[in-house]
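Enquirer: This is the structure I want to talk about, given as structure tokens.
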Amino acid sequence: MTPGCSALAATAALLATFLAPATAQAQTAPRESRPVYSYENAVREAVWVDTRLDGDGDGKSDRVAVDIVRPREPARKGLKVPVIMDASPYYSCCGRGNESQLKTYDANGHVVQMPLFYDNYFVPRGYAFVGVDLAGTNRSDGCVDVGGRSDIQSAKAVVDWLNGRATAYTTRTGTHKTKADWTNGRTGMIGKSWDGTIANGVAATGVQGLKTIVPISAISTWYDYYFSQGAPLYDSGPDWLSDYVDSPAARAKCAAVQQKLVDQAPRTGDRTPLWTERDYVKDARKVKASVFLVHGMQDLNVRLQHVGPWWDALAKNGVQRKIWLSQTGHVDPFDFRRGQWVDTLHRWFDHELLGYDNGIDREPMADIERHPDQWVTSKSWPPRGTSATTLRPAQGTQPGVGTLGLTKDKGTETFTDDPALSETDWAARIDTPTPDKAGFTTGTLTKDLRLSGPSKVTVTATPTTSTAHLSAVLVDLGPDTIRDYAAGGEGITTLTNRTCWGVSTTGDSACFKETRAKTAAVDYTVVSRGWADLGTYADAGKGVPLTPGRAYTITLDLGATDHVVPAGHRLALIVAGTDKDLIDPPSTRPTLTIDLARTSARVPLVGGAAAFALATKGARTAVPQEAGALDGVRAPRTAHRVPEGG
């Protein structure tokens with residue numbers, strides 16, 4: 001789609017046509033909304049919606065600020081418009097998008113700059129755009145509780161108001177009520193990172209009127225943002241994050257909420273009721289909205305463990321779904337596939353909110369980035385014919401340098417946790433015996449092998465100390481050019497030239513800096529990762545001290561992916577201890593002995609075990625190397641503590 005920088009003049013005929021009901025006859029029904037309304041003359045207003053909560057404990061119901069930009073003309077014709085909504089904690093503290101935009105206001109308190117392109121592009125096309133300040137942020141009352149009841153009710157109350165079920169006021173403290181009589185209540189939520197997380201959480205309430213969500217790099221359960229099966233991912237908890245985004249007014253009132261986030265989120269990694277409240281996957285059965293999910297397969301902030309369980313739970317519930325998987329890290333699709341993204345999002349909202357039969361629901365479910373800027377589609381995801389195939393590690397000719405195949409083997413491998421090393425160190429020396437990992441590789445493949453979905457690695461390990469953390473990593477061994485997800489832009493480079501996506505005003509430009517792929521030539525690519533505290537072997541929700549010398553069996557959940565290991569490459573499984581900067585180390589430094597007969601990987605292969613057997617038939621076994629290392633991206637950066645969109 002060619003970006004537009006000015007709106008077309010609206011006519012009465014077009015007004016009637018482009019907001020025609022979905023039941024219009026096929027020969028006259030529109031297939032695409034057009035920019036027929038004035039953005040410059042759009043209504044800009046603010047309301048405060050009553051959440052019916054008192055999170056800050058001041059004896060008054062919290063009100064959340066809702067900034068609205070909507071076309072002026074439909075109301076004059078008695079027409080009602082649907083809503084695109086982004087509920088965020090970042091509108092004043094941290095910014096939205098690649099350029100970290102903030103909301104700005106005029107002297108009357110009406111929004112002038114609404115971050116991102118959504119309002120510029122969609123308001124002229126007959127949508128209202130609504131930007132909600134989560135409770136405790138910017139101009140809202142209440143407290144941030146990091147994905148809990150306050151966060152979710154902040155946004156759900158707005159959906160209720162848009163559908164006539166909640167109360168809003170024209171000021172933060174006044175008594176004058178206002179109704180959303182300009183909308184038909186059909187709402188779509190969108191957002192990256194924390195914003196997309198709120199969309200997931202609101203959808204999981206089953207709220208009426210929410211027709212679709214577009215979660216980008218979003219969390220599906222907050223426990224998995226802070227821990228991986230008991231292994232801590234960061235050196236802080238949700239209290240730090242709450243304080244990071246709280247407004248000054250909230251910081252003065254929200255000490256009790258902060259303390260609850262400390263007391264009920266212990267750094268032990270034990271699951272508590274606090275985490276249960278923030279688990280949206282368990283409520284996927286309530287979801288009525290369609291879901292267009294976008295995630296980077298190398299996102300080390302909101303990791304791929306947030307995709308598989310949520311996606312599968314939605315599928316089980318029969319939710320209409322669509323997915324994009326990129327090679328990037330924590331990056332918005334506007335910044336890695338801009339033109340195609342705007343066009344696809346436009347068609348998605350037209351279909352889901354305006355009811356236009358544009359065929360997007362009959363197109364392939366998945367778009368997957370195979371190489372930088374090279375995309376393929378999949379009719380379903382994971383594709384039909386994908387099955388979990390059990391791969392077995394076996395001893396090789398040197399310690400810690402083994403093979404990977406379909407046949408179970410006896411024997412053991414031993415490694416010692418080294419918190420100074422990461423997955424890149426292990427993969428770089430996959431063919432070299434080192435004391436810090438056990439590596440297992442197939443021979444050189446004779447045919448392509450496609451992995452699609454999440455994997456599981458079961459490990460039976462005997463530790464020498466009372467605490468131990470485990471990492472399991474799948475690696476594609478072979479030369480390639482990939483997006484450099486470990487660089488500062490996580491796979492993109494921001495340029496200086498701009499392109500325009502919608503209509504600009506003096507205070508709100510629709511023109512954004514272009515980007516290009518940031519690439520790296522590598523000898524290996526990490527495909528999927530998973531981590532666990534071995535102390536959670538019996539109960540994923542509670543860790544216990546280990547008995548040195550005793551064998552324990554645990555299954556690690558690896559993040560979802562969609563990756564083709566091409567002919568001429570090898571597939572590797574690495575089992576090791578602390579993955580530097582991706583999990584925190586245990587309190588001791590154990591040596592672990594792996595029982596190969598009771599260790600395996602369940603890998604989602606298109607074509608299953610038969611495809612693996614065919615791809616490895618006649619494969620040449622690699623000869624262990626005595627020196628040298630394979631080149632990859634740089635080691636992962638110090639782990640993020642903020643699910644930020646900017």
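Letters A, B, ... mark the chains of the structure tokens in the order given; residue numbers begin at 1 per chain; ligand numbers begin at 1, in order shown.
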Could you pull the residues within 9 Å of range 572-583 of chain A, counting only C-alpha atoms, minus those fewer than 3 positions along the same chain, as a PyMOL selection string?
Expert: chain A and resi 227-228+231-234+300+393+403-404+415-423+426-427+430+436-442+459+468-477+531-532+586+590-592+594+601+635-639
Enquirer: At a cut-off of 12 Å, using only C-alpha atoms, what residues contact Thr268 in chain A? Leave out same-chain residues fewer than 5 positions from it and give the result as a list in words.
Expert: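 The residues satisfying every condition are Tyr223, Tyr226, Phe227, Ser228, Gln229, Gly230, Ala231, Pro232, Leu233, Tyr234, Asp235, Ser236, Gly237, Val262, Asp263, Thr467, Asp533, Gly535, Thr536, Gly541, Lys542, Gly543, Val544, Pro545, Asp584, Pro586 and Ser587 of chain A.
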Enquirer: Determine the nearest neighbour of Asp409 in chain A from the options A:Asp283, A:Glu73, A:Asp312, A:Asp595, counting only C-alpha atoms.
Expert: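 Smallest distance to Asp409 in chain A is found for A:Asp595.
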Enquirer: Env of Pro238 in chain A: 7 Å cut, atoms = only C-alpha atoms, seq-sep filter 4 positions within chain, self excluded. Answer as a PyMOL selection string.
Expert: chain A and resi 146+242+261
Enquirer: Those residues you just picked out, can you put them in a file as a PDB file, in the first residue's frame with C-alpha atoms?
Expert:
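Saved to again-v4.pdb:
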ATOM      1  CA  VAL A 146       2.114  -5.246  36.743  1.00  0.00           C
ATOM      2  CA  SER A 242       5.843  -0.883  38.931  1.00  0.00           C
ATOM      3  CA  LEU A 261       4.495  -7.110  44.778  1.00  0.00           C
TER       4      LEU A 261
END
Enquirer: With distances taken over only C-alpha atoms, which of A:Val633, A:Val342, A:Val202, A:Ala609 is nearest to Thr424 in chain A?
Expert: A:Val633
Enquirer: Name all residues at most 9 Å from Thr386 in chain A (count only C-alpha atoms; drop same-chain ones fewer than 3 positions away) and give them as a PyMOL selection string.
Expert: chain A and resi 382-383+451-453+604-608
